[in-house]
>>> print(open('data36.cif').read())   # mmCIF, C-alpha atoms and all ligand atoms
data_input
#
loop_
_atom_site.label_atom_id
_atom_site.label_comp_id
_atom_site.auth_asym_id
_atom_site.auth_seq_id
_atom_site.Cartn_x
_atom_site.Cartn_y
_atom_site.Cartn_z
CA MET U 1 22.04 -46.31 -39.01
CA ARG U 2 22.57 -49.00 -36.41
CA MET U 3 20.31 -48.99 -33.41
CA LYS U 4 21.66 -48.07 -29.99
CA VAL U 5 21.14 -50.35 -27.01
CA THR U 6 22.14 -49.16 -23.54
CA VAL U 7 22.75 -51.55 -20.68
CA VAL U 8 22.70 -49.92 -17.23
CA GLY U 9 24.63 -51.86 -14.60
CA ALA U 10 27.86 -53.48 -15.75
CA GLY U 11 27.86 -56.27 -13.17
CA ASN U 12 27.25 -59.93 -13.88
CA VAL U 13 23.95 -59.63 -15.75
CA GLY U 14 24.75 -56.29 -17.43
CA ALA U 15 28.22 -57.20 -18.70
CA THR U 16 27.04 -60.58 -19.99
CA THR U 17 24.10 -58.87 -21.71
CA ALA U 18 26.50 -56.38 -23.34
CA GLN U 19 28.69 -59.26 -24.51
CA ARG U 20 25.77 -61.12 -26.07
CA LEU U 21 24.59 -57.90 -27.75
CA ALA U 22 28.05 -57.04 -29.10
CA GLU U 23 28.29 -60.53 -30.56
CA ARG U 24 24.92 -60.02 -32.29
CA ASP U 25 26.58 -57.11 -34.17
CA TYR U 26 23.25 -55.40 -34.90
CA ALA U 27 23.49 -52.38 -32.61
CA ASP U 28 25.91 -50.01 -30.92
CA VAL U 29 26.11 -50.81 -27.22
CA VAL U 30 26.56 -48.41 -24.29
CA LEU U 31 27.43 -49.89 -20.89
CA VAL U 32 26.81 -47.70 -17.81
CA ASP U 33 27.82 -48.24 -14.19
CA ILE U 34 28.58 -46.04 -11.18
CA VAL U 35 31.90 -47.77 -10.46
CA GLU U 36 34.59 -45.62 -12.05
CA GLY U 37 36.62 -47.32 -14.77
CA MET U 38 34.72 -50.61 -14.61
CA PRO U 39 32.28 -50.14 -17.53
CA GLN U 40 35.08 -48.50 -19.55
CA GLY U 41 37.37 -51.46 -18.86
CA LYS U 42 34.71 -54.04 -19.73
CA ALA U 43 33.81 -52.13 -22.91
CA LEU U 44 37.46 -52.03 -23.99
CA ASP U 45 37.81 -55.74 -23.32
CA LEU U 46 34.60 -56.47 -25.29
CA ASN U 47 35.79 -54.34 -28.21
CA GLN U 48 39.06 -56.26 -28.29
CA SER U 49 37.09 -59.51 -28.68
CA GLY U 50 35.60 -58.19 -31.94
CA PRO U 51 38.45 -59.17 -34.26
CA VAL U 52 38.51 -62.71 -32.89
CA VAL U 53 34.79 -63.39 -32.55
CA GLY U 54 33.95 -61.38 -35.67
CA TYR U 55 31.98 -58.27 -34.82
CA GLU U 56 32.53 -54.52 -35.07
CA PRO U 57 33.97 -53.00 -31.87
CA ASN U 58 31.21 -50.54 -30.94
CA VAL U 59 30.84 -50.83 -27.18
CA VAL U 60 31.18 -47.65 -25.10
CA GLY U 61 31.63 -47.80 -21.33
CA THR U 62 30.69 -44.80 -19.17
CA ASN U 63 29.76 -43.53 -15.72
CA GLY U 64 27.34 -40.96 -17.15
CA TYR U 65 24.39 -40.76 -19.50
CA GLU U 66 25.57 -38.43 -22.32
CA GLU U 67 26.63 -41.43 -24.41
CA THR U 68 23.25 -43.12 -23.92
CA ALA U 69 21.31 -40.28 -25.59
CA GLY U 70 18.88 -41.46 -28.26
CA SER U 71 18.96 -45.12 -27.25
CA ASP U 72 16.38 -47.34 -28.91
CA VAL U 73 16.40 -49.92 -26.13
CA VAL U 74 17.63 -49.60 -22.53
CA VAL U 75 18.15 -52.66 -20.36
CA ILE U 76 18.21 -51.83 -16.63
CA THR U 77 20.24 -54.32 -14.58
CA SER U 78 21.63 -51.91 -11.97
CA GLY U 79 21.03 -52.87 -8.36
CA PHE U 80 21.81 -55.43 -5.73
CA PRO U 81 21.43 -59.15 -6.39
CA ARG U 82 20.31 -61.71 -3.83
CA GLN U 83 22.68 -63.40 -1.43
CA PRO U 84 22.02 -66.86 0.06
CA GLY U 85 18.98 -66.81 2.35
CA MET U 86 17.55 -63.60 0.84
CA SER U 87 14.32 -63.41 -1.11
CA ARG U 88 14.01 -61.13 -4.12
CA ASP U 89 11.64 -58.98 -2.06
CA ASP U 90 14.40 -58.22 0.46
CA LEU U 91 16.00 -56.01 -2.21
CA LEU U 92 12.99 -53.67 -2.46
CA ALA U 93 14.12 -50.46 -0.73
CA LYS U 94 17.69 -50.30 -2.05
CA ASN U 95 16.85 -51.19 -5.62
CA LYS U 96 13.83 -48.87 -5.76
CA GLU U 97 16.17 -45.94 -5.24
CA ILE U 98 18.69 -47.19 -7.80
CA VAL U 99 16.13 -48.01 -10.51
CA GLY U 100 14.25 -44.74 -9.90
CA GLY U 101 17.43 -42.68 -10.37
CA VAL U 102 18.44 -44.60 -13.49
CA ALA U 103 14.96 -44.37 -15.02
CA GLU U 104 15.00 -40.60 -14.60
CA GLN U 105 18.27 -40.27 -16.51
CA VAL U 106 17.08 -42.66 -19.21
CA ALA U 107 13.78 -40.84 -19.77
CA GLU U 108 15.57 -37.50 -20.08
CA ARG U 109 18.16 -38.67 -22.64
CA SER U 110 16.17 -41.32 -24.52
CA PRO U 111 12.49 -40.31 -24.43
CA ASP U 112 11.53 -42.79 -27.16
CA ALA U 113 13.37 -45.80 -25.77
CA ILE U 114 11.89 -49.15 -24.91
CA VAL U 115 12.93 -50.03 -21.37
CA ILE U 116 13.56 -53.62 -20.34
CA VAL U 117 13.76 -53.98 -16.55
CA VAL U 118 15.83 -56.81 -15.08
CA THR U 119 16.56 -55.59 -11.52
CA ASN U 120 14.74 -57.41 -8.71
CA PRO U 121 12.20 -57.53 -7.23
CA LEU U 122 11.26 -57.50 -10.86
CA ASP U 123 7.57 -56.68 -10.97
CA ALA U 124 7.91 -53.90 -8.39
CA MET U 125 10.91 -52.43 -10.25
CA CYS U 126 8.81 -52.32 -13.44
CA HIS U 127 6.34 -50.14 -11.53
CA VAL U 128 9.19 -47.83 -10.50
CA ALA U 129 10.49 -47.55 -14.07
CA ALA U 130 7.00 -46.94 -15.47
CA ASP U 131 6.14 -44.34 -12.80
CA VAL U 132 9.37 -42.40 -13.24
CA THR U 133 9.68 -42.49 -17.04
CA LYS U 134 5.94 -42.06 -17.62
CA PHE U 135 6.44 -44.12 -20.77
CA PRO U 136 3.35 -45.89 -22.15
CA ARG U 137 2.92 -49.53 -21.21
CA GLU U 138 4.16 -50.65 -24.62
CA ARG U 139 7.63 -49.36 -23.70
CA VAL U 140 8.26 -50.65 -20.17
CA ILE U 141 8.66 -54.41 -20.01
CA GLY U 142 10.12 -56.73 -17.40
CA MET U 143 12.34 -59.75 -17.99
CA ALA U 144 11.56 -62.79 -15.86
CA GLY U 145 9.15 -65.17 -17.58
CA ILE U 146 11.61 -66.16 -20.30
CA LEU U 147 14.18 -67.06 -17.64
CA ASP U 148 11.72 -68.95 -15.45
CA SER U 149 10.35 -70.75 -18.52
CA ALA U 150 13.89 -71.63 -19.64
CA ARG U 151 14.54 -73.23 -16.26
CA PHE U 152 11.27 -75.18 -16.53
CA ARG U 153 12.08 -76.25 -20.10
CA THR U 154 15.58 -77.37 -19.11
CA PHE U 155 14.35 -79.56 -16.24
CA LEU U 156 11.63 -81.08 -18.47
CA ALA U 157 14.10 -81.81 -21.27
CA TRP U 158 16.41 -83.55 -18.79
CA GLU U 159 13.52 -85.56 -17.38
CA LEU U 160 12.50 -86.82 -20.81
CA GLY U 161 15.94 -87.00 -22.41
CA VAL U 162 14.87 -84.75 -25.29
CA SER U 163 16.26 -81.56 -26.82
CA VAL U 164 15.42 -78.36 -24.96
CA ARG U 165 14.44 -76.94 -28.34
CA ASP U 166 11.44 -79.26 -28.47
CA VAL U 167 10.09 -78.26 -25.06
CA THR U 168 7.82 -75.23 -25.06
CA GLY U 169 6.11 -73.78 -22.04
CA PHE U 170 5.18 -70.66 -20.17
CA VAL U 171 5.83 -69.51 -16.65
CA LEU U 172 3.47 -66.64 -15.82
CA GLY U 173 2.73 -64.49 -12.78
CA GLY U 174 5.09 -62.56 -10.55
CA HIS U 175 8.83 -63.28 -10.53
CA GLY U 176 8.89 -64.77 -7.06
CA ASP U 177 7.98 -67.83 -5.05
CA THR U 178 4.41 -67.68 -6.36
CA MET U 179 5.29 -67.82 -10.08
CA VAL U 180 2.98 -70.03 -12.16
CA PRO U 181 4.48 -72.65 -14.50
CA VAL U 182 1.51 -73.26 -16.78
CA VAL U 183 1.56 -77.02 -17.24
CA SER U 184 -1.50 -77.14 -19.50
CA TYR U 185 0.38 -75.15 -22.17
CA THR U 186 3.67 -77.02 -21.80
CA SER U 187 4.45 -79.56 -24.48
CA VAL U 188 7.18 -81.61 -26.09
CA ALA U 189 6.97 -81.29 -29.87
CA GLY U 190 3.26 -80.54 -29.47
CA VAL U 191 2.49 -83.38 -27.02
CA PRO U 192 1.31 -82.09 -23.60
CA VAL U 193 3.90 -82.93 -20.89
CA SER U 194 1.10 -84.24 -18.68
CA GLN U 195 0.88 -87.19 -21.13
CA ARG U 196 4.58 -87.95 -20.70
CA ILE U 197 5.32 -87.25 -17.02
CA PRO U 198 3.24 -88.41 -14.00
CA LYS U 199 1.60 -85.65 -11.96
CA GLU U 200 3.70 -86.17 -8.80
CA ARG U 201 6.94 -85.88 -10.78
CA LEU U 202 5.62 -82.85 -12.68
CA ASP U 203 4.81 -81.19 -9.35
CA GLU U 204 8.44 -81.71 -8.27
CA ILE U 205 9.71 -80.15 -11.49
CA VAL U 206 7.34 -77.20 -11.05
CA GLN U 207 8.70 -76.69 -7.52
CA ARG U 208 12.33 -76.90 -8.70
CA THR U 209 11.47 -74.24 -11.31
CA ARG U 210 10.01 -71.96 -8.63
CA ASP U 211 13.19 -72.43 -6.59
CA GLY U 212 15.42 -72.21 -9.69
CA GLY U 213 16.97 -68.85 -8.84
CA ALA U 214 17.58 -69.78 -5.19
CA GLU U 215 19.26 -73.04 -6.24
CA VAL U 216 21.84 -71.06 -8.24
CA VAL U 217 22.27 -68.44 -5.49
CA LYS U 218 22.98 -71.19 -2.95
CA LEU U 219 25.59 -72.82 -5.17
CA LEU U 220 27.32 -69.56 -6.10
CA GLN U 221 27.44 -68.37 -2.46
CA LYS U 222 27.91 -64.84 -3.75
CA GLY U 223 25.54 -63.13 -6.19
CA SER U 224 22.89 -64.68 -8.40
CA ALA U 225 22.44 -66.22 -11.85
CA PHE U 226 23.52 -64.25 -14.89
CA TYR U 227 24.13 -66.46 -17.95
CA ALA U 228 20.49 -67.49 -18.40
CA PRO U 229 19.15 -64.08 -17.26
CA SER U 230 21.27 -62.24 -19.83
CA ALA U 231 20.28 -64.71 -22.56
CA ALA U 232 16.63 -64.08 -21.68
CA ALA U 233 17.02 -60.28 -21.72
CA VAL U 234 18.74 -60.45 -25.10
CA GLU U 235 15.95 -62.61 -26.54
CA MET U 236 13.65 -59.67 -25.77
CA VAL U 237 16.08 -57.17 -27.34
CA ASP U 238 16.30 -59.39 -30.45
CA SER U 239 12.54 -59.38 -30.87
CA ILE U 240 12.46 -55.57 -30.62
CA VAL U 241 15.54 -54.69 -32.70
CA LEU U 242 14.75 -57.28 -35.38
CA ASP U 243 10.97 -56.69 -35.17
CA GLN U 244 10.39 -60.41 -34.78
CA HIS U 245 6.92 -60.35 -33.15
CA ARG U 246 7.99 -63.15 -30.81
CA VAL U 247 5.40 -64.31 -28.28
CA LEU U 248 7.30 -64.37 -24.99
CA PRO U 249 6.36 -64.39 -21.32
CA CYS U 250 7.29 -60.94 -19.98
CA ALA U 251 6.17 -58.67 -17.16
CA ALA U 252 3.68 -56.20 -18.63
CA LEU U 253 1.29 -53.65 -17.17
CA CYS U 254 -2.08 -55.39 -17.28
CA GLN U 255 -5.02 -53.09 -17.83
CA GLY U 256 -7.92 -55.49 -17.57
CA GLU U 257 -6.17 -58.53 -19.07
CA TYR U 258 -6.44 -61.64 -16.90
CA GLY U 259 -8.79 -59.67 -14.65
CA LEU U 260 -5.85 -57.58 -13.41
CA ASP U 261 -5.73 -53.81 -13.49
CA GLY U 262 -2.78 -51.46 -13.09
CA LEU U 263 -0.36 -54.25 -12.17
CA PHE U 264 2.86 -55.56 -13.75
CA VAL U 265 2.65 -59.35 -13.94
CA GLY U 266 4.22 -61.98 -16.20
CA VAL U 267 1.93 -62.66 -19.15
CA PRO U 268 2.49 -63.73 -22.76
CA VAL U 269 3.22 -60.67 -24.91
CA LYS U 270 4.00 -60.11 -28.57
CA LEU U 271 7.17 -58.02 -28.90
CA GLY U 272 8.14 -55.98 -31.94
CA LYS U 273 9.94 -52.76 -32.83
CA GLY U 274 7.47 -50.62 -30.85
CA GLY U 275 7.72 -52.84 -27.78
CA ILE U 276 4.59 -54.65 -26.61
CA GLU U 277 2.26 -55.13 -29.58
CA GLU U 278 -0.27 -57.24 -27.74
CA ILE U 279 -0.87 -58.92 -24.41
CA ILE U 280 -2.12 -62.36 -25.33
CA GLU U 281 -4.83 -63.78 -23.11
CA ILE U 282 -4.77 -67.55 -22.96
CA GLU U 283 -7.45 -69.62 -21.29
CA LEU U 284 -6.30 -71.00 -17.97
CA ASN U 285 -7.88 -73.84 -16.01
CA ASP U 286 -9.30 -73.06 -12.56
CA GLU U 287 -6.18 -74.15 -10.71
CA GLU U 288 -3.90 -72.03 -12.92
CA LYS U 289 -6.24 -69.05 -12.75
CA SER U 290 -6.28 -69.07 -8.96
CA ALA U 291 -2.49 -69.53 -8.86
CA LEU U 292 -2.12 -66.49 -11.14
CA ASP U 293 -4.48 -64.48 -8.92
CA ALA U 294 -2.47 -65.45 -5.84
CA SER U 295 0.77 -64.49 -7.57
CA ALA U 296 -0.71 -61.16 -8.67
CA GLY U 297 -1.81 -60.62 -5.05
CA ALA U 298 1.79 -61.08 -3.88
CA VAL U 299 2.98 -58.52 -6.44
CA ARG U 300 0.25 -56.09 -5.35
CA GLU U 301 1.36 -56.43 -1.72
CA LEU U 302 4.93 -55.60 -2.67
CA VAL U 303 3.88 -52.60 -4.76
CA ASP U 304 1.74 -51.33 -1.89
CA ALA U 305 4.62 -51.86 0.55
CA MET U 306 6.88 -49.86 -1.77
CA ALA U 307 4.53 -46.87 -1.58
CA THR U 308 5.22 -46.62 2.16
CA LEU U 309 9.02 -46.58 1.79
N1 LIG C 401 14.66 -60.45 -13.59
C1 LIG C 401 15.39 -61.54 -13.45
O1 LIG C 401 14.98 -62.62 -13.81
C2 LIG C 401 16.78 -61.42 -12.86
C3 LIG C 401 17.72 -62.43 -13.05
C4 LIG C 401 19.00 -62.25 -12.52
C5 LIG C 401 19.32 -61.10 -11.81
N2 LIG C 401 18.36 -60.16 -11.61
C6 LIG C 401 18.63 -58.93 -10.88
O2 LIG C 401 19.46 -58.08 -11.66
C7 LIG C 401 20.20 -57.20 -10.81
C8 LIG C 401 21.68 -57.24 -11.18
O3 LIG C 401 22.23 -58.51 -10.90
P1 LIG C 401 23.79 -58.77 -11.12
O4 LIG C 401 24.02 -60.19 -10.84
O5 LIG C 401 24.25 -58.17 -12.41
O6 LIG C 401 24.38 -57.88 -9.92
P2 LIG C 401 25.87 -57.24 -9.84
O7 LIG C 401 26.07 -56.84 -8.42
O8 LIG C 401 26.85 -58.16 -10.47
O9 LIG C 401 25.76 -55.94 -10.76
C9 LIG C 401 24.95 -54.83 -10.42
C10 LIG C 401 25.68 -53.59 -10.91
O10 LIG C 401 24.83 -52.47 -10.74
C11 LIG C 401 25.69 -51.37 -10.50
N3 LIG C 401 24.95 -50.23 -9.97
C12 LIG C 401 24.50 -50.02 -8.71
N4 LIG C 401 23.87 -48.83 -8.63
C13 LIG C 401 23.92 -48.28 -9.86
C14 LIG C 401 23.44 -47.06 -10.42
N5 LIG C 401 22.77 -46.17 -9.69
N6 LIG C 401 23.70 -46.82 -11.73
C15 LIG C 401 24.37 -47.69 -12.48
N7 LIG C 401 24.85 -48.88 -12.02
C16 LIG C 401 24.62 -49.16 -10.72
C17 LIG C 401 26.73 -51.93 -9.53
O11 LIG C 401 27.88 -51.12 -9.47
C18 LIG C 401 26.99 -53.31 -10.14
O12 LIG C 401 28.07 -53.28 -11.04
C19 LIG C 401 19.88 -57.67 -9.38
O13 LIG C 401 18.85 -56.87 -8.82
C20 LIG C 401 19.39 -59.10 -9.57
O14 LIG C 401 18.57 -59.53 -8.52
C21 LIG C 401 17.11 -60.29 -12.13
#
>>> encode(input="data36.cif", output="structure tokens", more="lines below")
Ligand SMILES: NC(=O)c1ccc[n+]([C@@H]2O[C@H](COP(=O)([O-])OP(=O)(O)OC[C@H]3O[C@@H](n4cnc5c(N)ncnc54)[C@H](O)[C@@H]3O)[C@@H](O)[C@H]2O)c1
Amino acid sequence: MRMKVTVVGAGNVGATTAQRLAERDYADVVLVDIVEGMPQGKALDLNQSGPVVGYEPNVVGTNGYEETAGSDVVVITSGFPRQPGMSRDDLLAKNKEIVGGVAEQVAERSPDAIVIVVTNPLDAMCHVAADVTKFPRERVIGMAGILDSARFRTFLAWELGVSVRDVTGFVLGGHGDTMVPVVSYTSVAGVPVSQRIPKERLDEIVQRTRDGGAEVVKLLQKGSAFYAPSAAAVEMVDSIVLDQHRVLPCAALCQGEYGLDGLFVGVPVKLGKGGIEEIIEIELNDEEKSALDASAGAVRELVDAMATL
């Protein structure tokens, strides 16, 4: 039996995620949105790509949740994206309501699912999904670190004129202005980037990474990035569906790790068929540790602010 992956929100990120999943051909895909006809239309269009691209047409579009029942993985992308001049945090109140409602439906129909949250502000929305579903921490995971790390890796590869495949690195912390690109664990084919790029230039690349989402928002004028975000979400789905045990930076509920308790923050996790198999604690230098603490503090403030809404 093929697995079932549901994508909630059939906008830019959701539809692109569904397309990437359909092309993987390893699971049936259900695409949900509140706009009538839109997920059905996109599903039909995706199914009709099957004969050309070479996958089985198994995408269902719907405005309800019956078709999502028994999903193995649910990716939540429903909600408002940023517009130019907005921070991710400006989306808090509206998206809390949307993600809360979706999480309730998901928990009822797919009590064993692994939920991947994409909607912003990411870390706060993970708290909403975890609170509403009451799923264990292994099964509520946020997508952000892979995307932020991909931006960092891209800029570093351009700087050095090397393949992006040879640049590895982690961006940890909250998915916001305080995110923490961890330079000490960033390398090109095993060689630390600090040996290849002067500190001042590295600082500029770190800042461009932090502003990476805003740079795209400003250029697009309407809406936010979706190609790289969907690729990042699907890398997480791959690791779960194919039980790959990938070590990826994801938002996870820390319970003592990194000195943080009861807070979703981006940390390296091992992902397999049960969801989070392990939160991996890496040693950080003093500067990185205090940057992670500051980033966690910003997430905590947002979560506390959400409680008063
Ligand atoms: N975590 C990340 O790194 C990351 C990256 C990119 C985007 N995002 C976030 O993902 C979200 C989606 O972005 P997008 O570009 O796809 O936006 P979009 O506007 O293109 O799509 C959002 C979709 O959600 C749907 N929707 C709204 N309420 C719903 C509900 N209750 N049930 C089902 N569907 C509902 C809308 O109809 C719309 O089609 C935004 O919050 C954005 O900020 C996060």
>>> residues_near_ligand(input="data36.cif", ligand="ligand LIG 401 (chain C)", cutoff="6 Å", atoms="only C-alpha atoms and all ligand atoms", output="JSON list (two decimals) with C-alpha atoms, in the coordinates of the input")
[["chain", "number", "residue", "atom", "x", "y", "z"],
["U", 8, "VAL", "CA", 22.70, -49.92, -17.23],
["U", 9, "GLY", "CA", 24.63, -51.86, -14.60],
["U", 10, "ALA", "CA", 27.86, -53.48, -15.75],
["U", 11, "GLY", "CA", 27.86, -56.27, -13.17],
["U", 12, "ASN", "CA", 27.25, -59.93, -13.88],
["U", 13, "VAL", "CA", 23.95, -59.63, -15.75],
["U", 14, "GLY", "CA", 24.75, -56.29, -17.43],
["U", 32, "VAL", "CA", 26.81, -47.70, -17.81],
["U", 33, "ASP", "CA", 27.82, -48.24, -14.19],
["U", 34, "ILE", "CA", 28.58, -46.04, -11.18],
["U", 35, "VAL", "CA", 31.90, -47.77, -10.46],
["U", 77, "THR", "CA", 20.24, -54.32, -14.58],
["U", 78, "SER", "CA", 21.63, -51.91, -11.97],
["U", 79, "GLY", "CA", 21.03, -52.87, -8.36],
["U", 80, "PHE", "CA", 21.81, -55.43, -5.73],
["U", 81, "PRO", "CA", 21.43, -59.15, -6.39],
["U", 82, "ARG", "CA", 20.31, -61.71, -3.83],
["U", 98, "ILE", "CA", 18.69, -47.19, -7.80],
["U", 102, "VAL", "CA", 18.44, -44.60, -13.49],
["U", 118, "VAL", "CA", 15.83, -56.81, -15.08],
["U", 119, "THR", "CA", 16.56, -55.59, -11.52],
["U", 120, "ASN", "CA", 14.74, -57.41, -8.71],
["U", 122, "LEU", "CA", 11.26, -57.50, -10.86],
["U", 143, "MET", "CA", 12.34, -59.75, -17.99],
["U", 144, "ALA", "CA", 11.56, -62.79, -15.86],
["U", 147, "LEU", "CA", 14.18, -67.06, -17.64],
["U", 223, "GLY", "CA", 25.54, -63.13, -6.19],
["U", 224, "SER", "CA", 22.89, -64.68, -8.40],
["U", 225, "ALA", "CA", 22.44, -66.22, -11.85],
["U", 226, "PHE", "CA", 23.52, -64.25, -14.89],
["U", 229, "PRO", "CA", 19.15, -64.08, -17.26]]
>>> residues_near_point(input="data36.cif", point="(10.5, -74.5, -13.5)", cutoff="9 Å", atoms="only C-alpha atoms", output="ChimeraX atom specification")
/U:148-156,171,180-181,205-212
>>> residues_around(input="data36.cif", residues="U:Glu287", least_positions_apart="4", cutoff="12 Å", atoms="all atoms listed in the file", output="MDAnalysis selection string")
chainID U and resid 180:184 283 291:294
>>> residues_near_point(input="data36.cif", point="(6.7, -78.2, -22.4)", cutoff="7 Å", atoms="only C-alpha atoms", output="MDAnalysis selection string")
chainID U and resid 153 156 167:169 186:188 192:193
>>> residues_around(input="data36.cif", residues="U:Asp90", least_positions_apart="3", cutoff="12 Å", atoms="all atoms listed in the file", output="short mmCIF file (atom, residue, chain, number, x, y, z; two decimals) with C-alpha atoms, keeping the file's coordinate frame")
data_model
loop_
_atom_site.label_atom_id
_atom_site.label_comp_id
_atom_site.auth_asym_id
_atom_site.auth_seq_id
_atom_site.Cartn_x
_atom_site.Cartn_y
_atom_site.Cartn_z
CA PHE U 80 21.81 -55.43 -5.73
CA PRO U 81 21.43 -59.15 -6.39
CA ARG U 82 20.31 -61.71 -3.83
CA GLN U 83 22.68 -63.40 -1.43
CA PRO U 84 22.02 -66.86 0.06
CA GLY U 85 18.98 -66.81 2.35
CA MET U 86 17.55 -63.60 0.84
CA SER U 87 14.32 -63.41 -1.11
CA ALA U 93 14.12 -50.46 -0.73
CA LYS U 94 17.69 -50.30 -2.05
CA ASN U 95 16.85 -51.19 -5.62
CA LYS U 96 13.83 -48.87 -5.76
CA ASN U 120 14.74 -57.41 -8.71
CA PRO U 121 12.20 -57.53 -7.23
CA LEU U 122 11.26 -57.50 -10.86
CA ALA U 124 7.91 -53.90 -8.39
CA GLY U 176 8.89 -64.77 -7.06
CA LEU U 302 4.93 -55.60 -2.67
CA ALA U 305 4.62 -51.86 0.55
CA MET U 306 6.88 -49.86 -1.77
#
>>> atom_distance(input="data36.cif", atom1="atom CA of U:Thr17", atom2="atom CA of U:Ala233")
7.2 Å
>>> closest_residue(input="data36.cif", among="U:Val132, U:Asp304, U:Ile116, U:Glu56", to="U:Gly101", atoms="only C-alpha atoms")
U:Val132
>>> closest_residue(input="data36.cif", among="U:Leu253, U:Val5, U:Val217, U:Met179", to="U:Glu138", atoms="all atoms listed in the file")
U:Leu253
>>> axis_aligned_box(input="data36.cif", around="stretch 156-161 of chain U", padding_each_side="8 Å", output="lines of an AutoDock Vina configuration file")
center_x = 14.0
center_y = -84.0
center_z = -19.9
size_x = 20.8
size_y = 21.9
size_z = 21.0
>>> residues_around(input="data36.cif", residues="U:Ala232", least_positions_apart="4", cutoff="7 Å", atoms="all atoms listed in the file", output="list in words")
Ile146, Leu147, Ala228 and Met236 of chain U
>>> atom_distance(input="data36.cif", atom1="atom CA of U:Glu108", atom2="atom CA of U:Glu66")
10.3 Å
>>> residues_around(input="data36.cif", residues="U:Ala251", least_positions_apart="4", cutoff="6 Å", atoms="all atoms listed in the file", output="tab-separated table (two decimals) with C-alpha atoms, keeping the file's coordinate frame")
chain	number	residue	atom	x	y	z
U	141	ILE	CA	8.66	-54.41	-20.01
U	142	GLY	CA	10.12	-56.73	-17.40
U	264	PHE	CA	2.86	-55.56	-13.75
U	265	VAL	CA	2.65	-59.35	-13.94
U	266	GLY	CA	4.22	-61.98	-16.20
>>> closest_atom_pairs(input="data36.cif", of="stretch 65-99 of chain U", to="stretch 18-26 of chain U", cutoff="12 Å", atoms="all atoms listed in the file", output="JSON lines")
{"residue": "U:Val73", "atom": "CA", "partner": "U:Leu21", "partner_atom": "CA", "distance": 11.5}
{"residue": "U:Val74", "atom": "CA", "partner": "U:Ala18", "partner_atom": "CA", "distance": 11.2}
{"residue": "U:Val75", "atom": "CA", "partner": "U:Ala18", "partner_atom": "CA", "distance": 9.6}
{"residue": "U:Ile76", "atom": "CA", "partner": "U:Ala18", "partner_atom": "CA", "distance": 11.6}
{"residue": "U:Thr77", "atom": "CA", "partner": "U:Ala18", "partner_atom": "CA", "distance": 11.0}
>>> atom_distance(input="data36.cif", atom1="atom CA of U:Asp45", atom2="atom CA of U:Leu219")
27.8 Å
>>> residues_around(input="data36.cif", residues="U:Ala27", least_positions_apart="4", cutoff="6 Å", atoms="only C-alpha atoms", output="ChimeraX atom specification")
/U:2-4
>>> closest_residue(input="data36.cif", among="U:Gly297, U:Gly70, U:Gly100, U:Gly161", to="U:Val29", atoms="only C-alpha atoms")
U:Gly70
>>> build_atoms(input="data36.cif", residues="stretch 207-218 of chain U", atoms="N, CA and C atoms", output="JSON list (two decimals), in the frame of the given file")
[["chain", "number", "residue", "atom", "x", "y", "z"],
["U", 207, "GLN", "N", 8.12, -77.27, -8.74],
["U", 207, "GLN", "CA", 8.70, -76.69, -7.52],
["U", 207, "GLN", "C", 10.17, -76.34, -7.74],
["U", 208, "ARG", "N", 10.90, -77.20, -8.44],
["U", 208, "ARG", "CA", 12.33, -76.90, -8.70],
["U", 208, "ARG", "C", 12.44, -75.64, -9.56],
["U", 209, "THR", "N", 11.48, -75.45, -10.48],
["U", 209, "THR", "CA", 11.47, -74.24, -11.31],
["U", 209, "THR", "C", 11.26, -73.01, -10.43],
["U", 210, "ARG", "N", 10.29, -73.11, -9.52],
["U", 210, "ARG", "CA", 10.01, -71.96, -8.63],
["U", 210, "ARG", "C", 11.25, -71.61, -7.79],
["U", 211, "ASP", "N", 12.00, -72.64, -7.43],
["U", 211, "ASP", "CA", 13.19, -72.43, -6.59],
["U", 211, "ASP", "C", 14.45, -72.28, -7.45],
["U", 212, "GLY", "N", 14.28, -72.17, -8.77],
["U", 212, "GLY", "CA", 15.42, -72.21, -9.69],
["U", 212, "GLY", "C", 16.47, -71.15, -9.42],
["U", 213, "GLY", "N", 16.02, -69.93, -9.11],
["U", 213, "GLY", "CA", 16.97, -68.85, -8.84],
["U", 213, "GLY", "C", 17.71, -69.10, -7.54],
["U", 214, "ALA", "N", 16.98, -69.53, -6.51],
["U", 214, "ALA", "CA", 17.58, -69.78, -5.19],
["U", 214, "ALA", "C", 18.59, -70.91, -5.26],
["U", 215, "GLU", "N", 18.33, -71.91, -6.11],
["U", 215, "GLU", "CA", 19.26, -73.04, -6.24],
["U", 215, "GLU", "C", 20.62, -72.54, -6.75],
["U", 216, "VAL", "N", 20.58, -71.61, -7.71],
["U", 216, "VAL", "CA", 21.84, -71.06, -8.24],
["U", 216, "VAL", "C", 22.52, -70.17, -7.19],
["U", 217, "VAL", "N", 21.72, -69.34, -6.52],
["U", 217, "VAL", "CA", 22.27, -68.44, -5.49],
["U", 217, "VAL", "C", 23.01, -69.25, -4.41],
["U", 218, "LYS", "N", 22.39, -70.35, -4.01],
["U", 218, "LYS", "CA", 22.98, -71.19, -2.95],
["U", 218, "LYS", "C", 24.31, -71.79, -3.42]]
